[in-house]
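Q: Structure file final.csv, CSV, C-alpha atoms and all ligand atoms, is pasted below:
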```csv
chain,number,residue,atom,x,y,z
A,1,MET,CA,-0.9,9.7,32.6
A,2,LEU,CA,-2.1,6.8,30.5
A,3,GLY,CA,-1.1,3.2,30.7
A,4,GLY,CA,-2.1,0.1,28.9
A,5,ALA,CA,-2.4,-3.6,28.7
A,6,LEU,CA,1.0,-5.2,28.1
A,7,VAL,CA,2.0,-6.4,24.7
A,8,ALA,CA,5.6,-6.9,23.9
A,9,ILE,CA,6.6,-5.4,20.6
A,10,GLY,CA,10.3,-5.9,20.9
A,11,ALA,CA,10.5,-7.4,17.5
A,12,GLY,CA,10.4,-3.9,16.2
A,13,LEU,CA,13.5,-2.9,18.2
A,14,THR,CA,16.1,-4.6,16.1
A,15,GLY,CA,18.7,-2.0,16.9
A,16,CYS,CA,18.5,-2.6,20.7
A,17,SER,CA,19.7,-6.1,20.9
A,18,ALA,CA,22.6,-5.2,23.2
A,19,ASN,CA,20.1,-4.1,25.9
A,20,PRO,CA,17.2,-6.4,27.0
A,21,LEU,CA,13.8,-4.8,26.8
A,22,THR,CA,11.4,-4.3,29.6
A,23,VAL,CA,7.9,-3.2,29.8
A,24,GLU,CA,7.6,0.3,31.3
A,25,SER,CA,3.9,0.9,31.9
A,26,THR,CA,0.8,-1.0,32.8
A,27,GLY,CA,-2.9,-0.3,33.3
A,28,THR,CA,-5.9,0.6,31.3
A,29,ALA,CA,-6.1,3.8,29.3
A,30,PRO,CA,-9.2,6.0,29.8
A,31,ALA,CA,-11.2,7.2,26.9
A,32,ALA,CA,-11.0,10.7,25.6
A,33,ALA,CA,-14.4,12.4,25.4
A,34,GLY,CA,-16.1,11.4,22.1
A,35,HIS,CA,-13.5,8.8,21.2
A,36,THR,CA,-13.1,5.1,21.4
A,37,PRO,CA,-11.4,4.0,24.7
A,38,ALA,CA,-7.7,3.3,24.3
A,39,THR,CA,-7.3,-0.2,25.9
A,40,THR,CA,-4.1,-1.6,24.6
A,41,LEU,CA,-1.5,1.1,24.6
A,42,VAL,CA,1.9,0.0,25.7
A,43,VAL,CA,5.5,1.2,26.0
A,44,VAL,CA,8.4,-1.1,25.6
A,45,THR,CA,11.7,0.4,26.8
A,46,ASP,CA,15.3,-0.2,26.7
A,47,PRO,CA,16.4,0.2,30.4
A,48,ALA,CA,19.6,2.0,29.3
A,49,ALA,CA,17.4,4.7,27.7
A,50,SER,CA,17.2,7.1,30.6
A,51,SER,CA,18.0,10.4,28.9
A,52,ILE,CA,18.4,11.8,25.4
A,53,PRO,CA,21.6,13.7,24.7
A,54,ALA,CA,21.4,16.9,22.8
A,55,THR,CA,23.4,16.6,19.6
A,56,THR,CA,24.9,19.3,17.3
A,57,ALA,CA,25.1,17.2,14.1
A,58,ALA,CA,23.1,18.7,11.3
A,59,ALA,CA,20.6,16.7,9.4
A,60,SER,CA,20.5,17.0,5.7
A,61,THR,CA,17.2,17.2,3.9
A,62,THR,CA,16.4,16.4,0.3
A,63,THR,CA,13.7,18.0,-1.7
A,64,GLU,CA,11.8,14.8,-2.1
A,65,GLY,CA,10.3,14.4,1.4
A,66,VAL,CA,13.2,12.3,2.9
A,67,VAL,CA,15.5,13.4,5.6
A,68,PHE,CA,18.8,11.7,6.4
A,69,PRO,CA,19.5,12.6,10.0
A,70,PHE,CA,22.3,11.9,12.5
A,71,GLY,CA,21.8,8.6,14.4
A,72,ASN,CA,20.8,5.0,13.7
A,73,PHE,CA,17.7,3.0,14.4
A,74,GLY,CA,17.7,1.9,18.0
A,75,GLU,CA,19.3,5.2,19.1
A,76,PRO,CA,18.1,8.8,19.6
A,77,ILE,CA,18.0,10.2,16.1
A,78,ASP,CA,18.5,14.0,15.6
A,79,VAL,CA,16.5,15.2,12.6
A,80,GLY,CA,17.5,18.8,12.9
A,81,PRO,CA,16.2,22.2,14.4
A,82,LEU,CA,12.5,22.2,15.2
A,83,GLU,CA,11.6,25.0,12.8
A,84,GLU,CA,13.4,23.4,9.9
A,85,VAL,CA,11.9,20.0,10.6
A,86,LEU,CA,8.4,21.5,10.8
A,87,ALA,CA,9.0,23.3,7.5
A,88,ASP,CA,10.3,20.2,5.9
A,89,ILE,CA,7.3,18.2,7.0
A,90,ASP,CA,4.9,20.8,5.7
A,91,ALA,CA,6.7,20.9,2.4
A,92,ALA,CA,6.6,17.1,2.0
A,93,VAL,CA,3.3,16.6,3.9
A,94,LYS,CA,4.7,13.3,5.2
A,95,LEU,CA,8.5,13.3,5.8
A,96,TYR,CA,10.3,9.9,5.7
A,97,VAL,CA,13.2,9.4,8.0
A,98,PRO,CA,15.0,6.2,6.9
A,99,ASN,CA,17.2,6.0,9.9
A,100,ALA,CA,14.2,5.9,12.2
A,101,ARG,CA,12.1,3.8,9.8
A,102,ALA,CA,9.4,6.3,10.4
A,103,TRP,CA,7.2,8.9,8.8
A,104,LEU,CA,6.9,12.3,10.4
A,105,VAL,CA,3.6,14.1,10.2
A,106,HIS,CA,2.5,17.5,11.4
A,107,TYR,CA,-0.2,17.0,14.0
A,108,PRO,CA,-3.0,19.6,13.8
A,109,PRO,CA,-2.8,21.8,16.9
A,110,GLU,CA,-6.6,21.9,17.4
A,111,HIS,CA,-6.6,18.2,18.1
A,112,VAL,CA,-3.6,18.0,20.4
A,113,ASP,CA,-5.6,18.1,23.6
A,114,ALA,CA,-7.9,15.3,22.5
A,115,ALA,CA,-5.0,13.3,21.3
A,116,LYS,CA,-3.4,13.5,24.7
A,117,GLY,CA,-6.4,11.7,26.0
A,118,VAL,CA,-5.7,8.8,23.7
A,119,TYR,CA,-1.9,8.6,23.2
A,120,GLN,CA,0.6,7.5,25.8
A,121,GLU,CA,2.2,10.3,27.9
A,122,VAL,CA,5.6,9.5,26.4
A,123,LEU,CA,4.2,10.9,23.1
A,124,HIS,CA,2.8,14.1,24.5
A,125,GLU,CA,6.0,16.1,24.1
A,126,GLY,CA,5.9,15.3,20.4
A,127,LEU,CA,2.3,16.3,20.2
A,128,ASP,CA,3.1,19.7,21.9
A,129,LEU,CA,5.8,20.1,19.2
A,130,GLY,CA,3.3,19.3,16.6
A,131,ILE,CA,5.0,16.1,15.4
A,132,LEU,CA,4.0,12.4,15.4
A,133,ALA,CA,6.6,9.8,14.3
A,134,LEU,CA,4.8,6.8,12.8
A,135,TYR,CA,6.8,3.6,12.7
A,136,GLN,CA,6.7,2.2,9.1
A,137,LYS,CA,5.7,-1.4,9.9
A,138,CYS,CA,2.1,-2.4,9.3
A,139,THR,CA,0.6,-3.7,12.6
A,140,HIS,CA,-0.8,-6.7,10.7
A,141,LEU,CA,2.2,-8.7,9.5
A,142,GLY,CA,4.9,-6.0,9.3
A,143,CYS,CA,5.0,-4.9,5.7
A,144,ARG,CA,6.4,-1.4,5.2
A,145,VAL,CA,3.5,0.9,4.7
A,146,PRO,CA,3.9,3.7,2.2
A,147,GLU,CA,2.0,6.9,2.0
A,148,CYS,CA,-0.7,7.3,-0.7
A,149,ALA,CA,-0.5,10.9,-1.8
A,150,GLN,CA,-3.8,11.0,-3.5
A,151,SER,CA,-5.8,9.9,-0.4
A,152,GLY,CA,-3.4,11.4,2.1
A,153,GLN,CA,-3.4,8.0,3.9
A,154,PHE,CA,-1.0,5.2,4.7
A,155,GLU,CA,-2.1,2.1,2.7
A,156,CYS,CA,-0.5,-1.3,3.1
A,157,PRO,CA,0.1,-3.1,-0.2
A,158,CYS,CA,0.2,-6.5,1.4
A,159,HIS,CA,-3.4,-7.1,2.6
A,160,GLY,CA,-5.0,-3.7,2.2
A,161,SER,CA,-4.9,-2.2,5.7
A,162,LYS,CA,-5.4,1.5,5.6
A,163,TYR,CA,-4.5,4.2,8.2
A,164,THR,CA,-5.4,7.9,8.3
A,165,GLY,CA,-2.7,10.5,7.5
A,166,TYR,CA,-2.0,10.4,11.3
A,167,GLY,CA,-1.7,6.6,11.5
A,168,GLU,CA,-5.0,5.8,13.0
A,169,LYS,CA,-6.6,2.6,11.7
A,170,LEU,CA,-9.3,2.9,9.1
A,171,PRO,CA,-11.9,0.1,8.6
A,172,GLU,CA,-10.2,-1.4,5.6
A,173,GLY,CA,-7.9,-4.3,6.2
A,174,PRO,CA,-6.9,-6.7,8.9
A,175,ALA,CA,-4.4,-4.7,11.0
A,176,PRO,CA,-5.3,-4.8,14.7
A,177,ARG,CA,-4.5,-1.2,15.6
A,178,GLY,CA,-3.1,2.1,14.3
A,179,LEU,CA,0.6,2.4,13.3
A,180,ASP,CA,3.0,2.2,16.2
A,181,LEU,CA,4.8,5.4,17.2
A,182,ILE,CA,8.3,6.6,18.1
A,183,PRO,CA,8.5,9.2,20.8
A,184,VAL,CA,9.6,12.7,19.7
A,185,ARG,CA,11.4,15.1,22.0
A,186,LEU,CA,13.3,18.4,21.9
A,187,ALA,CA,17.0,18.3,22.9
A,188,GLY,CA,19.2,21.3,22.3
A,189,GLY,CA,16.6,22.9,20.0
A,190,HIS,CA,16.7,19.8,17.8
A,191,VAL,CA,13.9,17.3,17.2
A,192,VAL,CA,15.0,13.9,18.4
A,193,LEU,CA,13.3,10.6,17.6
A,194,ASP,CA,13.9,8.2,20.4
A,195,SER,CA,13.9,5.0,18.4
A,196,ARG,CA,15.0,3.1,21.5
A,197,LEU,CA,11.2,3.1,22.2
A,198,ILE,CA,8.3,2.0,20.2
A,199,VAL,CA,4.8,2.7,21.4
A,200,GLN,CA,1.9,0.6,20.4
A,201,GLY,CA,-0.5,2.4,18.1
A,202,PRO,CA,-4.0,3.4,19.1
A,203,PRO,CA,-6.9,0.8,19.0
A,204,ILE,CA,-9.3,0.3,16.1
A,205,GLY,CA,-12.0,3.0,16.2
A,206,THR,CA,-9.7,5.8,17.2
A,207,ASP,CA,-10.3,8.9,15.1
A,208,VAL,CA,-9.1,11.9,17.0
A,209,THR,CA,-9.1,14.2,13.9
A,210,GLY,CA,-12.3,13.2,12.2
A,211,TRP,CA,-10.4,11.9,9.2
A,212,GLU,CA,-11.7,12.3,5.7
A,213,PRO,CA,-9.6,11.0,2.7
A,214,LEU,CA,-8.3,13.6,0.3
A,215,GLY,CA,-9.1,11.5,-2.7
A,216,PRO,CA,-9.3,7.9,-4.0
A,217,GLY,CA,-7.1,5.3,-2.4
A,218,CYS,CA,-4.0,3.6,-3.9
A,219,VAL,CA,-4.7,0.1,-2.6
A,220,ASN,CA,-7.9,-1.8,-3.2
A,221,ILE,CA,-8.0,-5.3,-1.8
A,222,PRO,CA,-11.8,-5.8,-1.2
A,223,ASN,CA,-11.7,-9.2,0.6
A,224,GLY,CA,-8.4,-8.9,2.5
A,225,PRO,CA,-6.1,-11.9,3.1
A,301,LIG,S1,0.9,-6.6,6.4
A,301,LIG,FE1,-0.2,-4.8,6.1
A,301,LIG,S2,-2.3,-5.5,5.9
A,301,LIG,FE2,-1.1,-7.3,6.2
```
Written as structure tokens, how would this file's structure read?

A:
Amino acid sequence: MLGGALVAIGAGLTGCSANPLTVESTGTAPAAAGHTPATTLVVVTDPAASSIPATTAAASTTTEGVVFPFGNFGEPIDVGPLEEVLADIDAAVKLYVPNARAWLVHYPPEHVDAAKGVYQEVLHEGLDLGILALYQKCTHLGCRVPECAQSGQFECPCHGSKYTGYGEKLPEGPAPRGLDLIPVRLAGGHVVLDSRLIVQGPPIGTDVTGWEPLGPGCVNIPNGP
């Protein structure tokens, strides 16, 4: 069980205005062996979010790496049956879910145990399923961060912050941590993104997977803002 220093990130929960937000966890997260200590992980919760209902609505997937699921931001969002979602992610490499304002990535199984030493417990079910949901807002000033297919990274066009293909912060750019995350769960055999919750991303220096870029980057802002 990991906890973290408390930092409210309720601004990212624009769909939850009907329910006041409370901080769920406190404490200091331990370091995973061989990795930078996680010191500022946090969960901000909607107190009404006690369970996730299973839904039967079918998500529809395009062939362009975008899925249009059932549910809206600030709610549990059903993105479809697990096997189909994993296949869609693998086909797209990074699958964008506009309703959740998030990218889905297939987390490498060989790194799941190490990741559980870094990421909040609320994210562990998603890790076991092989899925991370990365909230699209840059942790610097909130620009939407697109993928860069040629590097395999997420690269912010505003001030040049770069993140690995799993959302962990790279040295380039002023962002203070990795991309924030939305918990992923399984309900009724369907993958559900619980966008009532946003979990603060891992601290600078986290590199669970030993990331290497696939090629040259898309954004080059040498001196930052
Ligand atoms: S908003 Fe992304 S680097 Fe500034």

Q: Between A:Pro222, A:Val192, A:Gly71, A:Leu82, which residue has the minimum interatomic distance to Pro98 in chain A, considering all atoms listed in the file?

A: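 The answer is A:Gly71, which sits nearest to Pro98 in chain A.
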
Q: Could you work out how far CA of Pro146 in chain A lies from CA of His124 in chain A, giving the answer in Å with one decimal?

A: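 Separation of CA of His124 in chain A and CA of Pro146 in chain A: 24.6 Å.
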
Q: Choose the residue, out of A:Leu127, A:Leu104, A:Val118, A:Cys138, that has the smallest atom-to-atom separation from Glu155 in chain A; count only C-alpha atoms.

A: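 Of A:Leu127, A:Leu104, A:Val118, A:Cys138, the one nearest Glu155 in chain A, counting only C-alpha atoms, is A:Cys138.
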
Q: Could I get the residues of chain A with an atom no further than 10 Å from an atom of ligand LIG 301 (chain A), each paired with its nearest atom pair and that distance in Å to one decimal, using all atoms listed in the file, sorted by chain and residue number, as JSON lines?

A:
```
{"residue": "A:Lys137", "atom": "CA", "partner": "A:LIG301", "partner_atom": "FE1", "distance": 7.8}
{"residue": "A:Cys138", "atom": "CA", "partner": "A:LIG301", "partner_atom": "FE1", "distance": 4.6}
{"residue": "A:Thr139", "atom": "CA", "partner": "A:LIG301", "partner_atom": "FE1", "distance": 6.6}
{"residue": "A:His140", "atom": "CA", "partner": "A:LIG301", "partner_atom": "FE2", "distance": 4.5}
{"residue": "A:Leu141", "atom": "CA", "partner": "A:LIG301", "partner_atom": "S1", "distance": 4.0}
{"residue": "A:Gly142", "atom": "CA", "partner": "A:LIG301", "partner_atom": "S1", "distance": 5.0}
{"residue": "A:Cys143", "atom": "CA", "partner": "A:LIG301", "partner_atom": "S1", "distance": 4.5}
{"residue": "A:Arg144", "atom": "CA", "partner": "A:LIG301", "partner_atom": "FE1", "distance": 7.5}
{"residue": "A:Val145", "atom": "CA", "partner": "A:LIG301", "partner_atom": "FE1", "distance": 6.9}
{"residue": "A:Glu155", "atom": "CA", "partner": "A:LIG301", "partner_atom": "FE1", "distance": 7.9}
{"residue": "A:Cys156", "atom": "CA", "partner": "A:LIG301", "partner_atom": "FE1", "distance": 4.6}
{"residue": "A:Pro157", "atom": "CA", "partner": "A:LIG301", "partner_atom": "FE1", "distance": 6.5}
{"residue": "A:Cys158", "atom": "CA", "partner": "A:LIG301", "partner_atom": "FE1", "distance": 5.0}
{"residue": "A:His159", "atom": "CA", "partner": "A:LIG301", "partner_atom": "S2", "distance": 3.8}
{"residue": "A:Gly160", "atom": "CA", "partner": "A:LIG301", "partner_atom": "S2", "distance": 4.9}
{"residue": "A:Ser161", "atom": "CA", "partner": "A:LIG301", "partner_atom": "S2", "distance": 4.2}
{"residue": "A:Lys162", "atom": "CA", "partner": "A:LIG301", "partner_atom": "S2", "distance": 7.7}
{"residue": "A:Glu172", "atom": "CA", "partner": "A:LIG301", "partner_atom": "S2", "distance": 8.9}
{"residue": "A:Gly173", "atom": "CA", "partner": "A:LIG301", "partner_atom": "S2", "distance": 5.7}
{"residue": "A:Pro174", "atom": "CA", "partner": "A:LIG301", "partner_atom": "S2", "distance": 5.6}
{"residue": "A:Ala175", "atom": "CA", "partner": "A:LIG301", "partner_atom": "S2", "distance": 5.6}
{"residue": "A:Pro176", "atom": "CA", "partner": "A:LIG301", "partner_atom": "S2", "distance": 9.3}
{"residue": "A:Ile221", "atom": "CA", "partner": "A:LIG301", "partner_atom": "S2", "distance": 9.6}
{"residue": "A:Gly224", "atom": "CA", "partner": "A:LIG301", "partner_atom": "S2", "distance": 7.8}
{"residue": "A:Pro225", "atom": "CA", "partner": "A:LIG301", "partner_atom": "FE2", "distance": 7.5}
```

Q: For Trp211 in chain A, which residue out of A:Asp113, A:Asp90, A:Glu147, A:Glu168 is the nearest one, using only C-alpha atoms?

A: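 Among the listed residues, A:Glu168 lies closest to Trp211 in chain A.
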
Q: Take CA of Val191 in chain A and CA of Phe154 in chain A and report the distance between them in Å, one decimal.

A: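 Calculated distance between CA of Val191 in chain A and CA of Phe154 in chain A is 22.9 Å.
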
Q: With distances taken over all atoms listed in the file, which residue among A:Leu197, A:Val208, A:Leu186, A:Asp78 lies nearest Lys116 in chain A?

A: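 Closest to Lys116 in chain A of all the choices is A:Val208.
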
Q: Of the candidates A:Val122, A:Ile204, A:Leu129, A:Leu134, which shows the shortest atom-to-atom distance to Val97 in chain A, using only C-alpha atoms?

A: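 Of A:Val122, A:Ile204, A:Leu129, A:Leu134, the one nearest Val97 in chain A, counting only C-alpha atoms, is A:Leu134.
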
Q: Which residue out of A:Ala149, A:Val199, A:Leu95, A:Val105 has the minimum interatomic distance to Gly178 in chain A when all atoms listed in the file are used?

A: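 With all atoms listed in the file as the atom set, the closest residue is A:Val199.
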
Q: How far is it from CA of Leu193 in chain A to CA of Gly126 in chain A, in Å with one decimal?

A: 9.2 Å

Q: Counting all atoms listed in the file, find residues at most 8 Å from (14.4, 10.0, 19.0) (file frame) and give them as a PyMOL selection string.

A: chain A and resi 52+75-78+100+182-185+191-196

Q: Is it possible to get the residues within 9 Å of (-3.6, 11.1, -0.4) (coordinates as in the file, counting all atoms listed in the file) written as a PyMOL selection string?

A: chain A and resi 147-154+165+213-218

Q: Skipping near chain neighbours, those fewer than 3 positions away, what residues fall within 8 Å of His111 in chain A using only C-alpha atoms, listed as an mmCIF file with C-alpha atoms, keeping the file's coordinate frame?

A:
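And here is the file that came out, result08.cif:
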```
data_model
loop_
_atom_site.group_PDB
_atom_site.id
_atom_site.type_symbol
_atom_site.label_atom_id
_atom_site.label_comp_id
_atom_site.auth_asym_id
_atom_site.auth_seq_id
_atom_site.Cartn_x
_atom_site.Cartn_y
_atom_site.Cartn_z
ATOM 1 C CA TYR A 107 -0.200 17.000 14.000
ATOM 2 C CA PRO A 108 -3.000 19.600 13.800
ATOM 3 C CA ALA A 114 -7.900 15.300 22.500
ATOM 4 C CA ALA A 115 -5.000 13.300 21.300
ATOM 5 C CA VAL A 208 -9.100 11.900 17.000
ATOM 6 C CA THR A 209 -9.100 14.200 13.900
#
```
